[in-house]
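Participant: If you scroll down you'll find the structure; I have some questions about it.
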Amino acid sequence: MAERRDTLLKIDAGFPDRVFRTGVIFSVVIVICSLFSMPTPITVGLALGAAISLSLFKLLCWTISRLFVKEKRKSTGFLVAIGFVKYPVIVAVLYYSLRYLEINVFALAAGLSIAYIVMVLKVVGMALVNYMNSRNRKQKSDPGPVARMAAEGRETLSSPAVKLVKGQ
């Protein structure tokens, strides 16, 4: 059981970049679909929420990569400043956009959740793929009855077409 947990979720260093790229593609598709089928406040809310969500995700990935690599650790004070400044900036952006733009709040919330949705879907997809791969490896270790019969020298296929090919 412990072996399955170890192999089920192996996240590599390229995972955050793939999440970001997929999030951008997903956001563009959602905003374009919303542009043609939804009112403008919904489209603006989705676009603004997705932009904020993906920007925060990219900033978090960048900050973590700078903080935990010893060669790049020289600017820890700058990273702390980013941590303290980003939330007031987000509050100001949300305040002015809600105050002066016509935005659907539910669409904004949906846009803000895009990075998290993409991340969860990527992890679930990776877990399913790894589970299926481990399951296929277990099945390949057992050759099955046909391969066992062939290894014993017994005839496995007795149809007339097989006999014709064999020349019997």
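Residue numbering restarts at 1 for every chain of the structure tokens, chains are lettered A, B, ... in their displayed order, and ligands are numbered from 1 as they appear.
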Neighbours of stretch 59-71 of chain A within 9 Å (only C-alpha atoms; same-chain residues fewer than 6 positions away dropped), as a list in words?
Facilitator: Pro16, Asp17, Leu79, Ile82 and Gly83 of chain A
Participant: Fewer than 3 positions away in the same chain doesn't count, so skip those; otherwise give me all residues within 10 Å of stretch 99-107 of chain A, counting only C-alpha atoms, as a list in words.
Facilitator: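 Listing them by chain and then by number gives Pro39, Thr40, Pro41, Ile42, Thr43, Val44, Gly45, Leu46, Ala47, Leu48, Gly49, Ala50, Val93, Leu94, Tyr95, Tyr96, Ala110, Gly111, Leu112 and Ser113 of chain A.
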Participant: Find the residue from A:Ala109, A:Val129, A:Ala51, A:Val80 that sits nearest to A:Phe20; use only C-alpha atoms when measuring.
Facilitator: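 For A:Phe20, the nearest of the candidates is A:Ala51.
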